[in-house]
Amino acid sequence: MAKLYLVPTPIGNLEDITFRAIMVLKEVDLILAEDTRNSGKLLKHFEINTPMQSHHMHNEHKTVENVVRQIQNGKTVALISDAGTPAISDPGFLLTRACVEAGVEVDCLPGATAFVPALVNSGLPNDKFVFEGFLPVKKGRQTRLELLAQETRTIILYESPHKLLKTLGQIKEFFGEDRQVSVSREITKLHEETVRGTAAEVLAHYETKPPKGEIVVVVAGNK
């Protein structure tokens, strides 16, 4: 039966893709890709010749209805993002919701996502945690930080390299300079690194060593 597959792709090391993911990407009728140029390299590496179509945050509102209709008409479709599991801070939620509402079967494969290894590797409690993704850029940012400062569970944030110092500075300000923080970057890649310490210590580290690559910030909960 035609369905939508949500297929995780490697966040760095290409060998982290699963055998099942490769099989699904070879067998579906269409692959929706966040960036067809980026995904084209992955498909070429694994000799996947399935047709691709662009599906990203700037066009997904317009393409969702058509994709659902194609699946209802018998096409099996796979959605991939540039890296990791679709819909986790990437396109995917709108299409998944539309399929569920239309009675179309959705099958999400297990696979790579950046925040799980960063959390486990942090050494901070992981029996309970809250995934915040990216903080608001401007409006509502301070309010969000004030609320998170009182959160007792371990907190997971995504951040870009050029905003990391600002975020660490605000964690130091709102959470306290002694709050434990772990910053993982370039997970599964050649220059993978995790820096752990207090908010003040981790901030001082990156003030002297500008960060590069994809970043996950894990913050201890309030005791």
# chains A, B, ... in the order shown; residues from 1 in each chain; ligands from 1
call {"tool": "select_by_dssp", "arguments": {"residues": "stretch 8-125 of chain A", "states": "strand (DSSP E or B)", "output": "list in words"}}
result
Thr9, Leu30, Ile31, Leu32, Ala33, Met52, Gln53, Ser54, Val77, Ala78, Leu79, Ile80, Gly84, Val106, Asp107 and Cys108 of chain A
call {"tool": "residues_around", "arguments": {"residues": "A:Ile215", "least_positions_apart": "4", "cutoff": "8 Å", "atoms": "only C-alpha atoms", "output": "PyMOL selection string"}}
result
chain A and resi 158-161+183-186
call {"tool": "residues_around", "arguments": {"residues": "A:Ala199", "least_positions_apart": "6", "cutoff": "12 Å", "atoms": "only C-alpha atoms", "output": "compact mmCIF listing (two decimals) with all heavy atoms, in the first residue's frame"}}
result
# COMPACT_ATOMS: atom_id res chain seq x y z
N LEU A 164 26.65 30.82 19.07
CA LEU A 164 26.96 30.01 20.25
C LEU A 164 27.44 30.88 21.42
O LEU A 164 27.01 30.68 22.56
CB LEU A 164 28.02 28.96 19.93
CG LEU A 164 28.42 28.08 21.12
CD1 LEU A 164 27.23 27.28 21.63
CD2 LEU A 164 29.56 27.13 20.73
N LEU A 165 28.32 31.83 21.17
CA LEU A 165 28.84 32.67 22.25
C LEU A 165 27.72 33.46 22.92
O LEU A 165 27.68 33.58 24.15
CB LEU A 165 29.92 33.62 21.73
CG LEU A 165 31.25 32.98 21.32
CD1 LEU A 165 32.22 34.05 20.83
CD2 LEU A 165 31.86 32.23 22.49
N LYS A 166 26.80 33.98 22.12
CA LYS A 166 25.66 34.72 22.67
C LYS A 166 24.83 33.81 23.56
O LYS A 166 24.45 34.19 24.68
CB LYS A 166 24.80 35.29 21.55
CG LYS A 166 23.53 35.98 22.03
CD LYS A 166 22.69 36.47 20.86
CE LYS A 166 21.40 37.12 21.35
NZ LYS A 166 20.56 37.60 20.22
N THR A 167 24.55 32.60 23.08
CA THR A 167 23.73 31.67 23.85
C THR A 167 24.42 31.24 25.14
O THR A 167 23.80 31.21 26.21
CB THR A 167 23.38 30.43 22.99
OG1 THR A 167 22.58 30.86 21.88
CG2 THR A 167 22.62 29.40 23.78
N LEU A 168 25.71 30.92 25.07
CA LEU A 168 26.45 30.54 26.28
C LEU A 168 26.50 31.69 27.27
O LEU A 168 26.39 31.48 28.49
CB LEU A 168 27.86 30.08 25.92
CG LEU A 168 27.97 28.74 25.18
CD1 LEU A 168 29.41 28.48 24.75
CD2 LEU A 168 27.47 27.59 26.06
N GLY A 169 26.65 32.91 26.75
CA GLY A 169 26.66 34.08 27.62
C GLY A 169 25.33 34.26 28.33
O GLY A 169 25.27 34.62 29.52
N GLN A 170 24.25 33.99 27.61
CA GLN A 170 22.92 34.12 28.22
C GLN A 170 22.63 32.99 29.19
O GLN A 170 21.95 33.18 30.19
CB GLN A 170 21.86 34.18 27.12
CG GLN A 170 21.91 35.49 26.34
CD GLN A 170 20.90 35.54 25.22
OE1 GLN A 170 20.66 34.54 24.54
NE2 GLN A 170 20.32 36.70 25.01
N ILE A 171 23.15 31.80 28.91
CA ILE A 171 23.01 30.69 29.87
C ILE A 171 23.74 31.06 31.17
O ILE A 171 23.22 30.87 32.28
CB ILE A 171 23.57 29.38 29.28
CG1 ILE A 171 22.65 28.89 28.16
CG2 ILE A 171 23.71 28.31 30.36
CD1 ILE A 171 23.20 27.71 27.38
N LYS A 172 24.92 31.62 31.03
CA LYS A 172 25.68 32.07 32.20
C LYS A 172 24.91 33.14 32.98
O LYS A 172 24.85 33.12 34.21
CB LYS A 172 27.04 32.62 31.75
CG LYS A 172 27.90 33.18 32.87
CD LYS A 172 29.20 33.75 32.32
CE LYS A 172 29.98 34.47 33.41
NZ LYS A 172 31.23 35.09 32.86
N GLU A 173 24.28 34.05 32.24
CA GLU A 173 23.54 35.16 32.88
C GLU A 173 22.26 34.68 33.55
O GLU A 173 22.00 35.04 34.71
CB GLU A 173 23.20 36.21 31.81
CG GLU A 173 22.33 37.35 32.33
CD GLU A 173 21.89 38.30 31.22
OE1 GLU A 173 22.35 38.13 30.06
OE2 GLU A 173 21.07 39.20 31.51
N PHE A 174 21.45 33.88 32.85
CA PHE A 174 20.13 33.50 33.36
C PHE A 174 20.15 32.24 34.23
O PHE A 174 19.32 32.09 35.13
CB PHE A 174 19.15 33.30 32.20
CG PHE A 174 18.77 34.57 31.49
CD1 PHE A 174 19.42 34.97 30.34
CD2 PHE A 174 17.76 35.37 31.99
CE1 PHE A 174 19.07 36.14 29.68
CE2 PHE A 174 17.39 36.55 31.35
CZ PHE A 174 18.06 36.94 30.19
N PHE A 175 21.08 31.32 33.94
CA PHE A 175 21.11 30.05 34.66
C PHE A 175 22.14 30.06 35.79
O PHE A 175 22.08 29.24 36.68
CB PHE A 175 21.47 28.90 33.71
CG PHE A 175 20.45 28.61 32.64
CD1 PHE A 175 19.84 29.60 31.90
CD2 PHE A 175 20.09 27.30 32.37
CE1 PHE A 175 18.92 29.33 30.91
CE2 PHE A 175 19.16 27.00 31.38
CZ PHE A 175 18.57 28.03 30.65
N GLY A 176 23.11 30.98 35.68
CA GLY A 176 24.19 31.02 36.66
C GLY A 176 25.48 30.48 36.07
O GLY A 176 25.47 29.52 35.31
N GLU A 177 26.60 31.09 36.45
CA GLU A 177 27.88 30.71 35.83
C GLU A 177 28.34 29.31 36.20
O GLU A 177 29.18 28.73 35.52
CB GLU A 177 28.95 31.73 36.20
CG GLU A 177 29.27 31.83 37.67
CD GLU A 177 30.36 32.84 37.97
OE1 GLU A 177 30.60 33.74 37.13
OE2 GLU A 177 30.99 32.72 39.03
N ASP A 178 27.77 28.74 37.27
CA ASP A 178 28.19 27.40 37.68
C ASP A 178 27.31 26.28 37.12
O ASP A 178 27.56 25.10 37.41
CB ASP A 178 28.17 27.31 39.22
CG ASP A 178 29.23 28.19 39.86
OD1 ASP A 178 30.30 28.36 39.24
OD2 ASP A 178 28.99 28.72 40.96
N ARG A 179 26.30 26.64 36.32
CA ARG A 179 25.44 25.59 35.74
C ARG A 179 26.27 24.73 34.78
O ARG A 179 27.01 25.25 33.94
CB ARG A 179 24.27 26.23 34.97
CG ARG A 179 23.24 25.23 34.45
CD ARG A 179 22.39 24.62 35.55
NE ARG A 179 21.45 25.59 36.11
CZ ARG A 179 20.19 25.73 35.74
NH1 ARG A 179 19.70 24.94 34.79
NH2 ARG A 179 19.42 26.63 36.31
N GLN A 180 26.14 23.43 34.89
CA GLN A 180 26.92 22.51 34.06
C GLN A 180 26.40 22.52 32.61
O GLN A 180 25.18 22.45 32.37
CB GLN A 180 26.87 21.10 34.62
CG GLN A 180 27.67 20.92 35.91
CD GLN A 180 29.16 21.10 35.69
OE1 GLN A 180 29.75 20.47 34.80
NE2 GLN A 180 29.78 21.95 36.49
N VAL A 181 27.33 22.57 31.67
CA VAL A 181 27.00 22.65 30.24
C VAL A 181 27.91 21.70 29.47
O VAL A 181 29.09 21.52 29.81
CB VAL A 181 27.19 24.09 29.71
CG1 VAL A 181 26.97 24.14 28.20
CG2 VAL A 181 26.25 25.05 30.41
N SER A 182 27.36 21.10 28.42
CA SER A 182 28.15 20.27 27.50
C SER A 182 27.84 20.72 26.08
O SER A 182 26.67 20.79 25.70
CB SER A 182 27.80 18.79 27.69
OG SER A 182 28.46 17.99 26.72
N VAL A 183 28.86 21.03 25.31
CA VAL A 183 28.69 21.46 23.92
C VAL A 183 29.34 20.42 23.01
O VAL A 183 30.54 20.19 23.08
CB VAL A 183 29.31 22.84 23.66
CG1 VAL A 183 29.23 23.19 22.17
CG2 VAL A 183 28.59 23.91 24.49
N HIS A 205 36.16 28.88 26.94
CA HIS A 205 36.81 28.02 25.94
C HIS A 205 36.51 28.51 24.52
O HIS A 205 37.44 28.65 23.70
CB HIS A 205 36.33 26.57 26.10
CG HIS A 205 36.78 25.66 25.00
ND1 HIS A 205 38.01 25.04 24.99
CD2 HIS A 205 36.16 25.28 23.84
CE1 HIS A 205 38.13 24.32 23.89
NE2 HIS A 205 37.02 24.44 23.17
N TYR A 206 35.24 28.77 24.25
CA TYR A 206 34.88 29.16 22.88
C TYR A 206 35.15 30.63 22.57
O TYR A 206 35.15 31.02 21.41
CB TYR A 206 33.42 28.79 22.59
CG TYR A 206 33.26 27.31 22.34
CD1 TYR A 206 32.61 26.49 23.26
CD2 TYR A 206 33.79 26.72 21.20
CE1 TYR A 206 32.49 25.13 23.04
CE2 TYR A 206 33.67 25.36 20.97
CZ TYR A 206 33.02 24.57 21.89
OH TYR A 206 32.92 23.21 21.66
N VAL A 217 23.86 21.94 22.33
CA VAL A 217 24.17 22.40 23.67
C VAL A 217 23.28 21.65 24.65
O VAL A 217 22.06 21.63 24.52
CB VAL A 217 23.95 23.91 23.83
CG1 VAL A 217 24.31 24.38 25.23
CG2 VAL A 217 24.75 24.70 22.79
N VAL A 218 23.90 21.01 25.64
CA VAL A 218 23.15 20.28 26.67
C VAL A 218 23.42 20.97 28.01
O VAL A 218 24.57 21.20 28.39
CB VAL A 218 23.59 18.81 26.74
CG1 VAL A 218 22.74 18.04 27.75
CG2 VAL A 218 23.47 18.15 25.35
N VAL A 219 22.34 21.32 28.70
CA VAL A 219 22.45 22.10 29.95
C VAL A 219 21.81 21.33 31.09
O VAL A 219 20.68 20.82 30.95
CB VAL A 219 21.75 23.48 29.80
CG1 VAL A 219 22.02 24.33 31.03
CG2 VAL A 219 22.22 24.19 28.54
N ALA A 220 22.50 21.26 32.21
CA ALA A 220 21.95 20.58 33.38
C ALA A 220 20.69 21.29 33.86
O ALA A 220 20.58 22.51 33.78
CB ALA A 220 22.99 20.54 34.49
call {"tool": "atom_distance", "arguments": {"atom1": "atom CA of A:Cys108", "atom2": "atom CA of A:Pro91"}}
result
13.9 Å
call {"tool": "residues_around", "arguments": {"residues": "A:His56", "least_positions_apart": "5", "cutoff": "9 Å", "atoms": "only C-alpha atoms", "output": "PyMOL selection string"}}
result
chain A and resi 32-35+81+90-92
call {"tool": "write_last_selection", "arguments": {"atoms": "N, CA and C atoms", "output": "compact mmCIF listing (two decimals), in the first residue's frame"}}
result
# COMPACT_ATOMS: atom_id res chain seq x y z
N LEU A 32 11.44 13.02 -1.51
CA LEU A 32 11.36 14.46 -1.25
C LEU A 32 12.60 14.85 -0.45
N ALA A 33 13.36 15.82 -0.95
CA ALA A 33 14.62 16.18 -0.33
C ALA A 33 14.64 17.66 0.03
N GLU A 34 15.20 17.96 1.20
CA GLU A 34 15.31 19.35 1.64
C GLU A 34 16.18 20.15 0.67
N ASP A 35 17.30 19.58 0.24
CA ASP A 35 18.18 20.19 -0.74
C ASP A 35 18.61 19.08 -1.71
N SER A 81 15.74 14.76 5.07
CA SER A 81 16.26 16.11 5.28
C SER A 81 17.74 16.10 4.92
N ASP A 90 13.64 20.35 11.20
CA ASP A 90 13.72 20.29 9.74
C ASP A 90 12.30 20.12 9.20
N PRO A 91 12.10 20.33 7.88
CA PRO A 91 10.77 20.09 7.30
C PRO A 91 10.30 18.66 7.53
N GLY A 92 8.99 18.49 7.64
CA GLY A 92 8.45 17.16 7.81
C GLY A 92 7.15 17.13 8.60
call {"tool": "closest_residue", "arguments": {"among": "A:Val195, A:Pro125, A:Lys3, A:Phe134", "to": "A:Asn222", "atoms": "only C-alpha atoms"}}
result
A:Pro125
call {"tool": "residues_around", "arguments": {"residues": "A:Gln53", "least_positions_apart": "2", "cutoff": "12 Å", "atoms": "only C-alpha atoms", "output": "list of chain:residue names"}}
result
A:Asp29, A:Leu30, A:Ile31, A:Leu32, A:Ala33, A:Glu34, A:Asp35, A:Thr36, A:Arg37, A:Ser39, A:Gly40, A:Thr50, A:Pro51, A:His55, A:His56, A:Asn59, A:Glu60, A:Thr63, A:Asn66, A:Val67, A:Val77, A:Ala78, A:Leu79, A:Ile80, A:Ser81
call {"tool": "write_last_selection", "arguments": {"atoms": "N, CA, C and O atoms", "output": "short mmCIF file (atom, residue, chain, number, x, y, z; two decimals), in the first residue's frame"}}
result
data_model
loop_
_atom_site.label_atom_id
_atom_site.label_comp_id
_atom_site.auth_asym_id
_atom_site.auth_seq_id
_atom_site.Cartn_x
_atom_site.Cartn_y
_atom_site.Cartn_z
N ASP A 29 8.77 5.41 -5.01
CA ASP A 29 8.58 6.04 -6.33
C ASP A 29 9.18 7.43 -6.40
O ASP A 29 9.56 7.90 -7.47
N LEU A 30 9.27 8.10 -5.23
CA LEU A 30 9.72 9.50 -5.21
C LEU A 30 10.38 9.80 -3.88
O LEU A 30 9.92 9.35 -2.83
N ILE A 31 11.48 10.57 -3.92
CA ILE A 31 12.15 11.05 -2.71
C ILE A 31 11.98 12.56 -2.62
O ILE A 31 12.32 13.29 -3.56
N LEU A 32 11.44 13.02 -1.51
CA LEU A 32 11.36 14.46 -1.25
C LEU A 32 12.60 14.85 -0.45
O LEU A 32 12.85 14.29 0.63
N ALA A 33 13.36 15.82 -0.95
CA ALA A 33 14.62 16.18 -0.33
C ALA A 33 14.64 17.66 0.03
O ALA A 33 14.17 18.51 -0.73
N GLU A 34 15.20 17.96 1.20
CA GLU A 34 15.31 19.35 1.64
C GLU A 34 16.18 20.15 0.67
O GLU A 34 15.85 21.27 0.31
N ASP A 35 17.30 19.58 0.24
CA ASP A 35 18.18 20.19 -0.74
C ASP A 35 18.61 19.08 -1.71
O ASP A 35 19.39 18.21 -1.34
N THR A 36 18.10 19.12 -2.91
CA THR A 36 18.36 18.03 -3.86
C THR A 36 19.85 17.93 -4.23
O THR A 36 20.34 16.85 -4.54
N ARG A 37 20.55 19.04 -4.18
CA ARG A 37 21.99 19.01 -4.48
C ARG A 37 22.75 18.26 -3.40
O ARG A 37 23.61 17.42 -3.67
N SER A 39 21.41 16.12 -1.13
CA SER A 39 20.94 14.73 -1.08
C SER A 39 21.42 13.94 -2.28
O SER A 39 21.60 12.73 -2.21
N GLY A 40 21.65 14.63 -3.41
CA GLY A 40 22.13 13.96 -4.61
C GLY A 40 23.47 13.26 -4.38
O GLY A 40 23.72 12.18 -4.91
N THR A 50 16.46 6.78 -7.55
CA THR A 50 15.06 7.19 -7.42
C THR A 50 14.92 8.69 -7.72
O THR A 50 15.75 9.48 -7.29
N PRO A 51 13.87 9.08 -8.46
CA PRO A 51 13.65 10.51 -8.74
C PRO A 51 13.50 11.31 -7.45
O PRO A 51 12.95 10.83 -6.46
N HIS A 55 11.64 19.65 -1.35
CA HIS A 55 10.63 19.85 -0.31
C HIS A 55 11.33 20.48 0.89
O HIS A 55 12.02 19.81 1.65
N HIS A 56 11.18 21.79 1.06
CA HIS A 56 11.88 22.50 2.13
C HIS A 56 10.96 23.52 2.78
O HIS A 56 9.80 23.68 2.40
N ASN A 59 8.88 26.00 0.62
CA ASN A 59 7.84 25.59 -0.34
C ASN A 59 6.88 24.52 0.19
O ASN A 59 5.93 24.14 -0.48
N GLU A 60 7.13 24.02 1.42
CA GLU A 60 6.34 22.88 1.90
C GLU A 60 4.85 23.21 2.05
O GLU A 60 4.00 22.34 1.87
N THR A 63 3.46 22.49 -1.38
CA THR A 63 3.64 21.16 -1.97
C THR A 63 2.92 20.04 -1.22
O THR A 63 2.69 18.97 -1.77
N ASN A 66 -0.29 18.41 -2.81
CA ASN A 66 0.02 17.63 -4.01
C ASN A 66 0.68 16.30 -3.66
O ASN A 66 0.37 15.26 -4.27
N VAL A 67 1.57 16.31 -2.66
CA VAL A 67 2.24 15.08 -2.26
C VAL A 67 1.23 14.09 -1.69
O VAL A 67 1.25 12.90 -2.02
N VAL A 77 6.18 7.43 -1.21
CA VAL A 77 7.08 8.58 -1.14
C VAL A 77 7.94 8.51 0.11
O VAL A 77 7.48 8.11 1.18
N ALA A 78 9.21 8.91 -0.03
CA ALA A 78 10.12 9.01 1.12
C ALA A 78 10.52 10.47 1.30
O ALA A 78 10.79 11.17 0.32
N LEU A 79 10.54 10.91 2.54
CA LEU A 79 11.00 12.27 2.86
C LEU A 79 12.32 12.18 3.60
O LEU A 79 12.45 11.43 4.58
N ILE A 80 13.31 12.94 3.13
CA ILE A 80 14.59 13.02 3.82
C ILE A 80 14.94 14.49 4.04
O ILE A 80 14.49 15.36 3.30
N SER A 81 15.74 14.76 5.07
CA SER A 81 16.26 16.11 5.28
C SER A 81 17.74 16.10 4.92
O SER A 81 18.29 15.06 4.55
#
call {"tool": "residues_around", "arguments": {"residues": "stretch 147-153 of chain A", "least_positions_apart": "2", "cutoff": "6 Å", "atoms": "only C-alpha atoms", "output": "PyMOL selection string"}}
result
chain A and resi 128-129+144-145+175+221-222
call {"tool": "write_last_selection", "arguments": {"atoms": "N, CA, C and O atoms", "output": "PDB file, in the first residue's frame"}}
result
ATOM      1  N   LYS A 128      15.430  11.996  32.260  1.00  0.00           N
ATOM      2  CA  LYS A 128      14.382  12.956  31.904  1.00  0.00           C
ATOM      3  C   LYS A 128      15.059  14.151  31.248  1.00  0.00           C
ATOM      4  O   LYS A 128      16.046  14.676  31.765  1.00  0.00           O
ATOM      5  N   PHE A 129      14.526  14.586  30.111  1.00  0.00           N
ATOM      6  CA  PHE A 129      15.117  15.735  29.424  1.00  0.00           C
ATOM      7  C   PHE A 129      14.060  16.440  28.591  1.00  0.00           C
ATOM      8  O   PHE A 129      12.998  15.898  28.299  1.00  0.00           O
ATOM      9  N   ARG A 144      11.884  32.967  27.231  1.00  0.00           N
ATOM     10  CA  ARG A 144      12.140  31.530  27.140  1.00  0.00           C
ATOM     11  C   ARG A 144      13.304  31.133  28.039  1.00  0.00           C
ATOM     12  O   ARG A 144      13.259  30.101  28.724  1.00  0.00           O
ATOM     13  N   LEU A 145      14.364  31.931  28.035  1.00  0.00           N
ATOM     14  CA  LEU A 145      15.531  31.634  28.863  1.00  0.00           C
ATOM     15  C   LEU A 145      15.182  31.694  30.345  1.00  0.00           C
ATOM     16  O   LEU A 145      15.657  30.876  31.139  1.00  0.00           O
ATOM     17  N   PHE A 175      21.078  31.322  33.941  1.00  0.00           N
ATOM     18  CA  PHE A 175      21.112  30.047  34.660  1.00  0.00           C
ATOM     19  C   PHE A 175      22.140  30.063  35.787  1.00  0.00           C
ATOM     20  O   PHE A 175      22.078  29.239  36.684  1.00  0.00           O
ATOM     21  N   GLY A 221      19.754  20.537  34.383  1.00  0.00           N
ATOM     22  CA  GLY A 221      18.542  21.128  34.938  1.00  0.00           C
ATOM     23  C   GLY A 221      18.809  21.841  36.241  1.00  0.00           C
ATOM     24  O   GLY A 221      19.858  21.664  36.881  1.00  0.00           O
ATOM     25  N   ASN A 222      17.849  22.661  36.650  1.00  0.00           N
ATOM     26  CA  ASN A 222      17.969  23.418  37.894  1.00  0.00           C
ATOM     27  C   ASN A 222      17.761  22.478  39.088  1.00  0.00           C
ATOM     28  O   ASN A 222      16.798  21.729  39.128  1.00  0.00           O
TER      29      ASN A 222
END
call {"tool": "select_by_dssp", "arguments": {"residues": "stretch 9-212 of chain A", "states": "helix (DSSP H, G or I)", "output": "number ranges by chain"}}
result
A: 14-16, 19-27, 36-45, 60-72, 93-101, 115-122, 141-148, 161-175, 199-208
call {"tool": "atom_distance", "arguments": {"atom1": "atom CA of A:Val24", "atom2": "atom CA of A:Gly213"}}
result
29.1 Å
call {"tool": "atom_distance", "arguments": {"atom1": "atom CA of A:Leu95", "atom2": "atom CA of A:Tyr5"}}
result
10.9 Å
call {"tool": "decode", "arguments": {"residues": "stretch 155-164 of chain A", "atoms": "all heavy atoms", "output": "PDB file, in the first residue's frame"}}
result
ATOM      1  N   ILE A 155      18.329  20.031  29.604  1.00  0.00           N
ATOM      2  CA  ILE A 155      17.819  20.824  28.482  1.00  0.00           C
ATOM      3  C   ILE A 155      18.735  20.639  27.264  1.00  0.00           C
ATOM      4  O   ILE A 155      19.960  20.716  27.385  1.00  0.00           O
ATOM      5  CB  ILE A 155      17.765  22.318  28.855  1.00  0.00           C
ATOM      6  CG1 ILE A 155      16.882  22.516  30.088  1.00  0.00           C
ATOM      7  CG2 ILE A 155      17.263  23.167  27.689  1.00  0.00           C
ATOM      8  CD1 ILE A 155      17.191  23.793  30.848  1.00  0.00           C
ATOM      9  N   ILE A 156      18.125  20.427  26.100  1.00  0.00           N
ATOM     10  CA  ILE A 156      18.887  20.248  24.863  1.00  0.00           C
ATOM     11  C   ILE A 156      18.535  21.367  23.896  1.00  0.00           C
ATOM     12  O   ILE A 156      17.362  21.620  23.611  1.00  0.00           O
ATOM     13  CB  ILE A 156      18.581  18.895  24.209  1.00  0.00           C
ATOM     14  CG1 ILE A 156      18.842  17.756  25.195  1.00  0.00           C
ATOM     15  CG2 ILE A 156      19.425  18.701  22.944  1.00  0.00           C
ATOM     16  CD1 ILE A 156      18.299  16.420  24.731  1.00  0.00           C
ATOM     17  N   LEU A 157      19.561  22.038  23.376  1.00  0.00           N
ATOM     18  CA  LEU A 157      19.387  23.131  22.420  1.00  0.00           C
ATOM     19  C   LEU A 157      20.193  22.856  21.161  1.00  0.00           C
ATOM     20  O   LEU A 157      21.270  22.254  21.224  1.00  0.00           O
ATOM     21  CB  LEU A 157      19.872  24.457  23.021  1.00  0.00           C
ATOM     22  CG  LEU A 157      19.293  24.913  24.359  1.00  0.00           C
ATOM     23  CD1 LEU A 157      20.091  26.100  24.895  1.00  0.00           C
ATOM     24  CD2 LEU A 157      17.839  25.298  24.204  1.00  0.00           C
ATOM     25  N   TYR A 158      19.691  23.295  20.026  1.00  0.00           N
ATOM     26  CA  TYR A 158      20.494  23.360  18.807  1.00  0.00           C
ATOM     27  C   TYR A 158      20.980  24.792  18.658  1.00  0.00           C
ATOM     28  O   TYR A 158      20.260  25.735  19.005  1.00  0.00           O
ATOM     29  CB  TYR A 158      19.659  22.972  17.586  1.00  0.00           C
ATOM     30  CG  TYR A 158      19.457  21.483  17.400  1.00  0.00           C
ATOM     31  CD1 TYR A 158      18.524  21.006  16.483  1.00  0.00           C
ATOM     32  CD2 TYR A 158      20.198  20.553  18.121  1.00  0.00           C
ATOM     33  CE1 TYR A 158      18.330  19.639  16.294  1.00  0.00           C
ATOM     34  CE2 TYR A 158      20.010  19.191  17.938  1.00  0.00           C
ATOM     35  CZ  TYR A 158      19.073  18.741  17.022  1.00  0.00           C
ATOM     36  OH  TYR A 158      18.893  17.386  16.845  1.00  0.00           O
ATOM     37  N   GLU A 159      22.195  24.963  18.130  1.00  0.00           N
ATOM     38  CA  GLU A 159      22.702  26.316  17.931  1.00  0.00           C
ATOM     39  C   GLU A 159      23.648  26.368  16.741  1.00  0.00           C
ATOM     40  O   GLU A 159      24.281  25.372  16.388  1.00  0.00           O
ATOM     41  CB  GLU A 159      23.414  26.805  19.200  1.00  0.00           C
ATOM     42  CG  GLU A 159      23.664  28.293  19.232  1.00  0.00           C
ATOM     43  CD  GLU A 159      22.421  29.114  18.902  1.00  0.00           C
ATOM     44  OE1 GLU A 159      22.132  29.299  17.695  1.00  0.00           O
ATOM     45  OE2 GLU A 159      21.736  29.556  19.844  1.00  0.00           O
ATOM     46  N   SER A 160      23.711  27.536  16.126  1.00  0.00           N
ATOM     47  CA  SER A 160      24.632  27.755  15.010  1.00  0.00           C
ATOM     48  C   SER A 160      25.944  28.312  15.550  1.00  0.00           C
ATOM     49  O   SER A 160      25.961  28.912  16.634  1.00  0.00           O
ATOM     50  CB  SER A 160      24.016  28.735  14.005  1.00  0.00           C
ATOM     51  OG  SER A 160      23.771  29.988  14.633  1.00  0.00           O
ATOM     52  N   PRO A 161      27.048  28.138  14.823  1.00  0.00           N
ATOM     53  CA  PRO A 161      28.350  28.590  15.326  1.00  0.00           C
ATOM     54  C   PRO A 161      28.402  30.081  15.642  1.00  0.00           C
ATOM     55  O   PRO A 161      28.969  30.480  16.665  1.00  0.00           O
ATOM     56  CB  PRO A 161      29.312  28.243  14.173  1.00  0.00           C
ATOM     57  CG  PRO A 161      28.627  27.168  13.420  1.00  0.00           C
ATOM     58  CD  PRO A 161      27.167  27.443  13.524  1.00  0.00           C
ATOM     59  N   HIS A 162      27.783  30.917  14.798  1.00  0.00           N
ATOM     60  CA  HIS A 162      27.905  32.359  15.015  1.00  0.00           C
ATOM     61  C   HIS A 162      27.023  32.882  16.147  1.00  0.00           C
ATOM     62  O   HIS A 162      27.147  34.041  16.548  1.00  0.00           O
ATOM     63  CB  HIS A 162      27.622  33.126  13.710  1.00  0.00           C
ATOM     64  CG  HIS A 162      26.206  33.032  13.233  1.00  0.00           C
ATOM     65  ND1 HIS A 162      25.722  31.951  12.542  1.00  0.00           N
ATOM     66  CD2 HIS A 162      25.165  33.885  13.363  1.00  0.00           C
ATOM     67  CE1 HIS A 162      24.451  32.138  12.257  1.00  0.00           C
ATOM     68  NE2 HIS A 162      24.079  33.303  12.754  1.00  0.00           N
ATOM     69  N   LYS A 163      26.156  32.019  16.700  1.00  0.00           N
ATOM     70  CA  LYS A 163      25.317  32.441  17.830  1.00  0.00           C
ATOM     71  C   LYS A 163      25.678  31.727  19.132  1.00  0.00           C
ATOM     72  O   LYS A 163      25.077  31.993  20.172  1.00  0.00           O
ATOM     73  CB  LYS A 163      23.838  32.205  17.510  1.00  0.00           C
ATOM     74  CG  LYS A 163      23.285  33.119  16.429  1.00  0.00           C
ATOM     75  CD  LYS A 163      21.813  32.828  16.179  1.00  0.00           C
ATOM     76  CE  LYS A 163      21.266  33.711  15.068  1.00  0.00           C
ATOM     77  NZ  LYS A 163      19.872  33.347  14.697  1.00  0.00           N
ATOM     78  N   LEU A 164      26.650  30.815  19.073  1.00  0.00           N
ATOM     79  CA  LEU A 164      26.960  30.015  20.255  1.00  0.00           C
ATOM     80  C   LEU A 164      27.443  30.879  21.417  1.00  0.00           C
ATOM     81  O   LEU A 164      27.005  30.682  22.560  1.00  0.00           O
ATOM     82  CB  LEU A 164      28.016  28.957  19.929  1.00  0.00           C
ATOM     83  CG  LEU A 164      28.424  28.075  21.119  1.00  0.00           C
ATOM     84  CD1 LEU A 164      27.226  27.284  21.633  1.00  0.00           C
ATOM     85  CD2 LEU A 164      29.558  27.135  20.732  1.00  0.00           C
TER      86      LEU A 164
END
